[in-house]
Structures are given as C-alpha cells and as structure tokens.
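Structure file my_file-v3.cif; described as mmCIF, C-alpha atoms.
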data_protein
#
loop_
_atom_site.label_atom_id
_atom_site.label_comp_id
_atom_site.auth_asym_id
_atom_site.auth_seq_id
_atom_site.Cartn_x
_atom_site.Cartn_y
_atom_site.Cartn_z
CA MET A 1313 94.04 75.93 99.01
CA THR A 1314 92.70 79.43 99.58
CA GLY A 1315 93.78 80.98 102.88
CA VAL A 1316 96.79 78.68 103.36
CA PRO A 1317 100.10 80.60 103.75
CA HIS A 1318 102.62 79.50 101.12
CA ASP A 1319 105.47 79.63 103.63
CA ALA A 1320 103.67 77.74 106.42
CA PRO A 1321 104.95 74.23 107.26
CA ALA A 1322 102.66 71.45 106.13
CA VAL A 1323 102.84 70.09 109.70
CA CYS A 1324 104.05 72.00 112.74
CA LEU A 1325 104.39 70.41 116.19
CA GLN A 1326 105.40 72.74 119.01
CA GLY A 1327 106.31 71.16 122.35
CA VAL A 1328 103.56 68.55 121.96
CA VAL A 1329 102.79 66.43 125.02
CA LYS A 1330 100.15 63.72 125.35
CA ARG A 1331 99.70 62.27 128.80
CA PHE A 1332 97.68 59.19 129.76
CA GLY A 1333 97.51 59.03 133.53
CA ALA A 1334 100.99 59.67 134.88
CA ARG A 1335 102.72 58.61 131.63
CA ASN A 1336 103.75 60.91 128.82
CA VAL A 1337 103.15 58.91 125.64
CA VAL A 1338 104.36 61.91 123.62
CA ASP A 1339 106.90 63.98 125.51
CA GLY A 1340 107.66 67.47 124.21
CA VAL A 1341 107.93 66.81 120.47
CA SER A 1342 108.73 69.81 118.27
CA LEU A 1343 108.92 69.25 114.52
CA ASP A 1344 108.24 71.05 111.23
CA ILE A 1345 107.50 69.23 107.96
CA ALA A 1346 107.79 71.44 104.89
CA GLN A 1347 105.16 71.62 102.16
CA GLY A 1348 105.92 69.06 99.46
CA GLU A 1349 108.18 66.97 101.68
CA PHE A 1350 108.16 63.15 101.85
CA PHE A 1351 108.87 62.60 105.55
CA ALA A 1352 109.20 59.40 107.61
CA LEU A 1353 108.41 59.16 111.31
CA LEU A 1354 110.02 56.00 112.68
CA GLY A 1355 110.08 54.29 116.03
CA ALA A 1356 109.47 51.01 117.80
CA ASN A 1357 105.98 49.91 118.80
CA GLY A 1358 104.73 52.20 121.57
CA ALA A 1359 107.09 55.05 120.67
CA GLY A 1360 104.18 57.48 120.21
CA LYS A 1361 103.85 57.61 116.41
CA THR A 1362 100.16 56.76 116.19
CA THR A 1363 99.35 59.03 119.14
CA LEU A 1364 101.00 61.92 117.29
CA ILE A 1365 98.96 61.12 114.19
CA SER A 1366 95.78 60.97 116.28
CA MET A 1367 96.49 64.48 117.57
CA LEU A 1368 97.34 65.69 114.08
CA SER A 1369 94.04 64.38 112.72
CA GLY A 1370 91.99 65.74 115.63
CA LEU A 1371 91.11 62.37 117.15
CA ALA A 1372 93.00 63.24 120.34
CA ARG A 1373 93.83 66.54 122.00
CA PRO A 1374 97.37 67.34 123.11
CA THR A 1375 97.86 67.70 126.85
CA ALA A 1376 100.26 70.56 126.11
CA GLY A 1377 101.76 72.21 123.05
CA ALA A 1378 100.31 73.10 119.66
CA VAL A 1379 99.61 71.12 116.49
CA GLN A 1380 99.15 72.92 113.17
CA VAL A 1381 98.41 71.84 109.61
CA LEU A 1382 99.37 74.39 106.95
CA GLY A 1383 99.30 77.18 109.53
CA ARG A 1384 95.92 76.20 111.02
CA ASP A 1385 95.56 75.05 114.61
CA VAL A 1386 94.07 71.56 114.86
CA VAL A 1387 92.27 72.26 118.15
CA ARG A 1388 90.86 75.67 117.23
CA GLU A 1389 90.00 74.90 113.59
CA PRO A 1390 89.25 71.17 113.50
CA TYR A 1391 86.89 71.21 110.51
CA LEU A 1392 89.30 73.11 108.29
CA THR A 1393 92.36 71.07 109.25
CA ARG A 1394 90.54 67.80 108.58
CA ARG A 1395 89.87 68.99 105.03
CA LEU A 1396 93.61 69.57 104.63
CA LEU A 1397 94.48 66.02 105.71
CA GLY A 1398 94.04 62.56 104.26
CA VAL A 1399 94.80 59.90 106.88
CA VAL A 1400 95.25 56.16 106.34
CA PRO A 1401 95.10 54.53 109.81
CA GLN A 1402 96.69 51.25 110.82
CA GLU A 1403 93.40 49.53 111.60
CA LEU A 1404 91.06 48.22 108.92
CA VAL A 1405 87.88 50.31 109.22
CA PHE A 1406 85.13 49.83 106.66
CA ASP A 1407 81.37 50.00 106.20
CA PRO A 1408 80.06 46.50 105.37
CA PHE A 1409 76.83 47.73 103.77
CA PHE A 1410 78.24 49.52 100.70
CA THR A 1411 80.17 48.74 97.56
CA VAL A 1412 83.64 50.17 97.03
CA ARG A 1413 82.34 52.94 94.77
CA GLU A 1414 79.52 53.80 97.17
CA CYS A 1415 82.04 54.09 100.03
CA LEU A 1416 84.13 56.52 98.02
CA ARG A 1417 81.08 58.57 96.99
CA LEU A 1418 79.97 58.68 100.61
CA GLN A 1419 83.43 59.80 101.70
CA SER A 1420 83.34 62.49 99.01
CA GLY A 1421 80.06 63.73 100.44
CA TYR A 1422 81.66 64.35 103.82
CA PHE A 1423 83.79 67.00 102.09
CA GLY A 1424 80.96 68.47 100.03
CA LEU A 1425 82.13 66.89 96.75
CA ARG A 1426 79.03 65.94 94.74
CA ARG A 1427 80.58 65.30 91.32
CA ASN A 1428 83.74 63.41 92.12
CA ASP A 1429 83.39 60.29 89.96
CA ALA A 1430 86.26 61.18 87.60
CA TRP A 1431 88.73 61.34 90.51
CA ILE A 1432 87.17 58.23 92.09
CA ASP A 1433 87.72 56.34 88.83
CA GLU A 1434 91.35 57.51 88.78
CA LEU A 1435 91.85 56.31 92.36
CA LEU A 1436 90.28 52.95 91.55
CA HIS A 1437 92.60 52.58 88.58
CA HIS A 1438 95.83 53.54 90.33
CA LEU A 1439 95.09 51.39 93.38
CA GLY A 1440 94.05 48.32 91.37
CA LEU A 1441 90.41 48.45 92.48
CA SER A 1442 88.60 48.93 89.15
CA GLN A 1443 87.37 45.34 89.02
CA GLN A 1444 86.18 45.51 92.63
CA ALA A 1445 84.34 48.85 92.27
CA GLU A 1446 80.86 47.31 92.46
CA GLN A 1447 81.70 44.64 95.04
CA ASN A 1448 80.45 44.87 98.60
CA MET A 1449 83.18 45.75 101.09
CA ARG A 1450 82.51 42.54 103.04
CA ALA A 1451 83.57 40.48 100.03
CA LEU A 1452 87.04 42.00 99.78
CA SER A 1453 90.26 40.55 101.11
CA GLY A 1454 92.21 42.37 103.79
CA GLY A 1455 94.64 43.76 101.23
CA MET A 1456 91.80 45.06 99.05
CA LYS A 1457 90.13 46.69 102.07
CA ARG A 1458 93.39 48.49 102.80
CA ARG A 1459 93.47 49.77 99.22
CA VAL A 1460 89.98 51.18 99.71
CA MET A 1461 91.14 52.93 102.90
CA VAL A 1462 93.93 54.60 100.94
CA ALA A 1463 91.40 55.69 98.30
CA GLN A 1464 89.11 57.10 101.00
CA ALA A 1465 91.98 59.13 102.44
CA LEU A 1466 92.75 60.61 99.01
CA VAL A 1467 89.21 61.14 97.74
CA HIS A 1468 89.19 64.89 98.53
CA LYS A 1469 92.72 65.46 97.16
CA PRO A 1470 94.20 66.56 100.49
CA PRO A 1471 97.42 68.60 100.36
CA VAL A 1472 98.82 66.62 103.33
CA ILE A 1473 98.72 62.80 103.23
CA VAL A 1474 99.36 60.80 106.42
CA LEU A 1475 100.11 57.09 106.04
CA ASP A 1476 100.26 55.10 109.29
CA GLU A 1477 101.76 51.69 108.43
CA PRO A 1478 99.92 51.61 105.06
CA THR A 1479 101.65 48.47 103.74
CA ALA A 1480 101.54 46.33 106.89
CA GLY A 1481 100.48 42.82 105.94
CA VAL A 1482 99.83 43.54 102.26
CA ASP A 1483 101.33 41.97 99.17
CA VAL A 1484 104.26 43.19 97.10
CA GLU A 1485 102.02 44.22 94.20
CA LEU A 1486 100.04 46.65 96.36
CA ARG A 1487 103.19 48.11 97.85
CA GLN A 1488 104.64 48.80 94.44
CA SER A 1489 101.46 50.31 92.98
CA LEU A 1490 100.78 52.33 96.13
CA TRP A 1491 104.26 53.84 96.25
CA GLN A 1492 104.20 54.66 92.55
CA PHE A 1493 100.94 56.55 93.03
CA ILE A 1494 101.94 58.28 96.28
CA THR A 1495 105.30 59.28 94.80
CA SER A 1496 103.47 60.79 91.83
CA LEU A 1497 101.23 62.79 94.17
CA ASN A 1498 104.30 63.96 96.09
CA ARG A 1499 105.94 65.14 92.86
CA HIS A 1500 102.80 67.21 92.21
CA GLY A 1501 103.18 69.01 95.55
CA HIS A 1502 101.37 66.83 98.10
CA THR A 1503 103.14 66.48 101.44
CA VAL A 1504 103.48 62.89 102.68
CA LEU A 1505 104.03 61.81 106.30
CA LEU A 1506 104.80 58.10 106.57
CA THR A 1507 105.19 55.72 109.50
CA THR A 1508 106.45 52.26 108.66
CA HIS A 1509 108.38 49.33 110.09
CA TYR A 1510 109.71 48.52 106.61
CA LEU A 1511 112.82 50.67 106.89
CA GLU A 1512 113.86 50.10 103.28
CA GLU A 1513 110.65 51.89 102.26
CA ALA A 1514 111.56 54.95 104.30
CA GLU A 1515 115.13 54.88 103.00
CA ALA A 1516 114.03 54.69 99.36
CA LEU A 1517 111.13 57.17 99.51
CA CYS A 1518 111.77 59.80 102.16
CA SER A 1519 114.09 62.77 101.96
CA ARG A 1520 114.04 63.38 105.73
CA ILE A 1521 113.47 61.19 108.77
CA GLY A 1522 112.50 61.70 112.40
CA MET A 1523 112.85 58.96 115.00
CA LEU A 1524 110.82 58.63 118.20
CA LYS A 1525 111.88 56.75 121.30
CA GLN A 1526 109.58 56.56 124.32
CA GLY A 1527 107.66 59.59 123.11
CA ARG A 1528 110.70 61.79 122.48
CA LEU A 1529 112.25 62.87 119.19
CA VAL A 1530 115.77 61.41 119.31
CA ALA A 1531 116.85 61.98 115.69
CA LEU A 1532 115.85 64.40 112.95
CA ASP A 1533 117.86 64.78 109.75
CA SER A 1534 117.99 64.05 106.05
CA THR A 1535 118.09 60.38 105.11
CA HIS A 1536 121.52 60.85 103.55
CA ALA A 1537 122.93 62.52 106.67
CA LEU A 1538 121.58 59.84 109.00
CA LEU A 1539 123.13 57.10 106.87
CA ALA A 1540 126.45 58.92 106.71
CA ARG A 1541 126.56 59.60 110.45
CA PHE A 1542 125.26 56.39 111.99
CA ALA A 1543 125.22 53.56 109.48
CA SER A 1544 128.18 51.32 108.77
CA THR A 1545 129.34 48.96 106.05
CA HIS A 1546 130.08 45.29 106.65
CA LEU A 1547 132.81 43.21 105.01
CA LEU A 1548 132.14 39.48 105.21
CA LEU A 1549 134.47 36.80 103.88
CA ARG A 1550 135.59 33.21 104.21
CA THR A 1551 139.20 32.15 103.71
CA ARG A 1552 141.22 28.98 103.37
CA GLY A 1553 144.91 28.17 103.43
CA GLN A 1554 147.01 29.98 106.01
CA PRO A 1555 145.50 31.09 109.35
CA MET A 1556 144.17 34.62 109.53
CA PRO A 1557 146.51 37.16 111.23
CA PRO A 1558 145.62 37.47 114.95
CA ALA A 1559 145.08 41.26 114.73
CA LEU A 1560 142.49 40.82 111.96
CA LEU A 1561 140.87 37.93 113.77
CA ASP A 1562 140.50 39.98 116.96
CA ALA A 1563 138.94 42.89 115.03
CA SER A 1564 136.29 40.67 113.43
CA ARG A 1565 133.36 38.63 114.61
CA GLU A 1566 132.07 35.23 113.57
CA VAL A 1567 128.98 35.18 111.35
CA GLY A 1568 128.15 31.59 110.47
CA SER A 1569 131.12 30.21 108.56
CA ARG A 1570 132.46 33.70 107.73
CA ARG A 1571 134.28 36.50 109.51
CA ALA A 1572 132.80 40.02 109.50
CA TRP A 1573 134.33 43.47 109.97
CA THR A 1574 132.63 46.85 110.31
CA VAL A 1575 134.40 49.18 107.88
CA ARG A 1576 134.16 52.89 107.09
CA ASP A 1577 135.23 53.02 103.45
CA ALA A 1578 136.85 51.22 100.51
CA THR A 1579 140.34 52.04 101.80
CA GLU A 1580 139.70 50.01 104.95
CA VAL A 1581 138.36 47.10 102.88
CA GLU A 1582 141.53 47.12 100.77
CA ARG A 1583 143.71 47.24 103.90
CA ILE A 1584 142.07 44.08 105.29
CA LEU A 1585 142.36 42.28 101.95
CA ALA A 1586 146.01 43.26 101.62
CA GLN A 1587 146.81 41.86 105.07
CA LEU A 1588 145.05 38.62 104.18
CA ARG A 1589 146.99 38.30 100.93
CA ALA A 1590 150.28 39.01 102.70
CA ALA A 1591 149.47 36.26 105.23
CA GLY A 1592 148.80 33.76 102.44
CA CYS A 1593 145.05 33.52 103.08
CA GLU A 1594 143.02 32.55 100.01
CA ILE A 1595 139.59 34.21 99.85
CA GLU A 1596 136.81 31.76 99.01
CA GLU A 1597 133.85 34.11 99.44
CA LEU A 1598 133.54 37.88 99.85
CA GLU A 1599 130.59 40.21 100.40
CA VAL A 1600 130.44 43.93 101.12
CA ARG A 1601 127.03 44.94 102.45
CA ARG A 1602 126.38 48.65 102.20
CA ALA A 1603 125.12 50.77 105.06
CA ASP A 1604 121.36 51.02 105.36
CA LEU A 1605 118.73 52.73 107.48
CA GLU A 1606 118.32 49.68 109.72
CA ASP A 1607 121.92 50.12 110.90
CA ALA A 1608 121.25 53.77 111.71
CA PHE A 1609 117.93 53.02 113.40
CA LEU A 1610 119.40 50.35 115.67
CA GLN A 1611 122.34 52.53 116.65
CA ILE A 1612 120.15 55.54 117.41
CA MET A 1613 117.73 53.44 119.43
CA GLY A 1614 120.63 51.90 121.34
CA THR A 1615 119.81 48.37 120.19
CA GLN A 1616 122.41 45.79 119.25
CA ALA A 1617 122.30 45.28 115.50
CA PRO A 1618 121.64 41.74 114.26
CA SER A 1619 124.47 40.04 112.47
CA PRO A 1620 124.43 40.61 108.70
CA SER A 1621 123.62 36.97 107.96
CA SER A 1622 120.64 36.93 110.34
CA ARG A 1623 118.99 40.06 108.97
CA PRO A 1624 116.13 39.42 106.50
CA SER A 1625 116.78 40.86 103.08
CA PRO A 1626 114.38 43.55 101.80
CA ALA A 1627 113.04 41.09 99.24
CA ARG A 1628 112.24 38.48 101.88
CA GLU A 1629 110.73 41.10 104.18
CA LEU A 1630 108.57 42.48 101.36
CA ALA A 1631 107.36 39.01 100.52
CA ALA A 1632 106.52 38.18 104.14
#
Just give me the structure as structure tokens.
Amino acid sequence: MTGVPHDAPAVCLQGVVKRFGARNVVDGVSLDIAQGEFFALLGANGAGKTTLISMLSGLARPTAGAVQVLGRDVVREPYLTRRLLGVVPQELVFDPFFTVRECLRLQSGYFGLRRNDAWIDELLHHLGLSQQAEQNMRALSGGMKRRVMVAQALVHKPPVIVLDEPTAGVDVELRQSLWQFITSLNRHGHTVLLTTHYLEEAEALCSRIGMLKQGRLVALDSTHALLARFASTHLLLRTRGQPMPPALLDASREVGSRRAWTVRDATEVERILAQLRAAGCEIEELEVRRADLEDAFLQIMGTQAPSPSSRPSPARELAA
C-alpha cells in the first residue's frame, strides 16, 4: 500500500499497558511482527489476547505505550490503520436483514470499494459460501455465519489479517478450507496474527509464537525453538515376564496399564529398552509420542502436563 514503509513491522507493540480499574489486563507488552509472518499469540482465557487485538483494531485505547500497524499509529491514524487490518473477532456479529452477498457488498462500501464483486465471488468460493450467497444471514448456521465473518474481514484485501479464535466451535471442513485459503494469502505476502486454543493449529501453521500469561509476554520465539527448548518426548510401554528393574520403575510413572518415561532423544529410548531386555522383560506394547506445542505451552505456563493417555488427540479435538 502506498505510504507504507517496506521495512516497518506489520505490527509493533511498544510497552503496551491496558488497565481496567486497578488491574493491568495487558502489562507492558512489547512485540514486533514482521511483514509476511504467520504469528500465533497464545495464552489461557483472560491472558489479555483479545484486549491486545481490541487495541490493535482501535476498539480500545492503550493506557500506556504505542500500537502501530505497518508504521502507522493506531491512536493517531485510526482510519488508515483500520484499512490496513482485517479482523475476525471471537463473537458472532452479523446483520440479520441482508443476504450474504449484500453483507459483503456493504462491507466493501465501508472501504470505498464499489466494484468488488469479483473478489467477493472468490471469497465465497474459497470459504464454501457460494450456495449461501443469496440466503439471509438469519438462515445460516453458526459455522456458516463465522465463514461470512472471515469473508467480511478479507473483503478489502487487508495486508494484515487478525484471527481471534476463528475456528472455535466450527467443523473440520471449515477449518481445513479456511487454513488452506489463509495459508495461500500468507504465501502472497499477507501477515497473519492468530489466537487459538487449538495448539496443533499454531504448531502446524505459525513460524513464530508469543505466549501471554496474566497480561505479560512470557515467551517469544520460533515454533521450532520453543519445541526444542521446552517440549519433551514420551516413551510409553507395557511389559510382561520378569519384573521391571527398580531404577527404571522409579524413573517412570503409571499411565493406565503402561509405564511412561520422559526422554530427550532416541539414545535414551534405546537405553531404557536395553535395560528391559537385559532384565528379561518382554515388551507387549510400545509408543513414542513426539514433543508438541502443548508440552511447551504447559511448561511455560507452569501447569502440570496431563498424562499422555489422558490428552485428547488432535483428531478428536478437531472433531469436537
């Protein structure tokens, strides 16, 4: 976009504070997101993620600090920065008096786009809304309404896309089609800022991750580095025959009918297996579960990780 510095961060937060009464909901957050980056902002409920997005989109003013989009100050240049952003909020917000296409044309008008039907048709196609284009918004399911909200956020082709829990409560089909489309936009240079509680989405999609805890930024690194530094791998197995050596038993924990060890690498796995073989233990069942972002998240947040058998698999969580 004309007037946007090529070297400016897509999003720049400088010592941002948001206070409600005596409580700092956002407490001194400083963060740069580069142009073209796919970035995840993670945290538990109440960590301050949505408040940060509200300040970024101009819906709330920071108590202290500065918020910039592509080098433009959100407080001083609100109209320009809103043109640079496309925001999908958590809440379902829709106008019940218009069809899907009319809503998108109306949204286009807010940005001065009079002849935008070609892009609207492309959005309808990629988000699986073509058959619902002439339906009234009131007639749509919750998942379809959320698709329309994504289309509304993208209708003016914003260079920075902000997705606040975009796949909460929606079906697997929408998640897959949405991420295919958003990933395509990211490859074409759009910056994406994502908040999600589906950590496997952040792990698969985002090159860098920031984590908020009680309004403060407690982790900021590449996804690969966070996994390498904090996550762990679990070895789970069940044996029969001779009793397990006491040293191995003490180093493990019980997970259902199996024993589990936290291991660093393949060498440590082989060491445990060798000790079991030497003791005459016959292995009935064996599983090595790789490190994932949930391990890192729970360690960073100081929360006890659930046992591997109790954790829902990504497939079950996606289908929920």
Original post:
Could you write out as number ranges by chain the residues that the PyMOL selection byres ((chain A and resi 1371) around 12) matches in the shown file?
Top reply: A: 1362-1370, 1372-1374, 1386-1387, 1390-1391, 1393-1394, 1399, 1401
Subject >> Two-atom distance - CA of Leu1466 in chain A, CA of Val1504 in chain A (Å) >> reply: 11.6 Å
**OP:** Go through the shown structure with the PyMOL selection byres ((chain A and resi 1527-1538) around 8) and write out the matching residues as a PyMOL selection string.
**Re:** chain A and resi 1336-1342+1359-1361+1515+1518-1526+1539-1543+1605+1608+1612
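Using the PyMOL selection byres ((chain A and resi 1470) around 10) on the file at hand returns these residues: A:Met1313, A:Arg1394, A:Arg1395, A:Leu1396, A:Leu1397, A:Gly1398, A:Val1399, A:Ala1465, A:Leu1466, A:Val1467, A:His1468, A:Lys1469, A:Pro1471, A:Val1472, A:Ile1473, A:Val1474, A:His1502, A:Thr1503.
Proximity of A:His1318, A:Leu1325, A:Gln1347, A:Ser1544 to Arg1499 in chain A, computed with only C-alpha atoms, is greatest for A:Gln1347.
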Original post:
What is the CA of Gly1501 in chain A to CA of Arg1417 in chain A distance in Å?
Top reply: 24.5 Å
Box time for range 1385-1391 of chain A: axis-aligned, enclosing all its listed atoms, 3 Å extra on each side; report centre and edge lengths in Å to one decimal, as JSON.
{"center_x": 91.2, "center_y": 73.4, "center_z": 114.3, "size_x": 14.7, "size_y": 10.5, "size_z": 13.6}
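Look at range 1585-1598 of chain A: the protein and nucleic acid residues within 7 Å of it, using all atoms listed in the file and passing over chain neighbours fewer than 3 places away, are Leu1548, Leu1549, Arg1550, Thr1551, Arg1552, Gly1553, Gln1554, Pro1555, Met1556, Pro1557, Val1581 and Glu1582 of chain A.
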Those residues you just picked out, can you put them in a file as an mmCIF file, in the frame of the given file with C-alpha atoms?
data_model
loop_
_atom_site.group_PDB
_atom_site.id
_atom_site.type_symbol
_atom_site.label_atom_id
_atom_site.label_comp_id
_atom_site.auth_asym_id
_atom_site.auth_seq_id
_atom_site.Cartn_x
_atom_site.Cartn_y
_atom_site.Cartn_z
ATOM 1 C CA LEU A 1548 132.140 39.480 105.210
ATOM 2 C CA LEU A 1549 134.470 36.800 103.880
ATOM 3 C CA ARG A 1550 135.590 33.210 104.210
ATOM 4 C CA THR A 1551 139.200 32.150 103.710
ATOM 5 C CA ARG A 1552 141.220 28.980 103.370
ATOM 6 C CA GLY A 1553 144.910 28.170 103.430
ATOM 7 C CA GLN A 1554 147.010 29.980 106.010
ATOM 8 C CA PRO A 1555 145.500 31.090 109.350
ATOM 9 C CA MET A 1556 144.170 34.620 109.530
ATOM 10 C CA PRO A 1557 146.510 37.160 111.230
ATOM 11 C CA VAL A 1581 138.360 47.100 102.880
ATOM 12 C CA GLU A 1582 141.530 47.120 100.770
#
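Separating CA of Glu1434 in chain A from CA of Ala1480 in chain A is a distance of 23.6 Å.
Nearest to Ile1494 in chain A of all the residues A:Leu1547, A:Arg1601, A:Leu1506, A:Leu1416 is A:Leu1506, based on all atoms listed in the file.
Distance annotation: of A:Arg1583, A:Arg1427, A:Arg1602, A:Arg1459, the residue with the minimal separation from His1546 in chain A is A:Arg1602; atom set is all atoms listed in the file.
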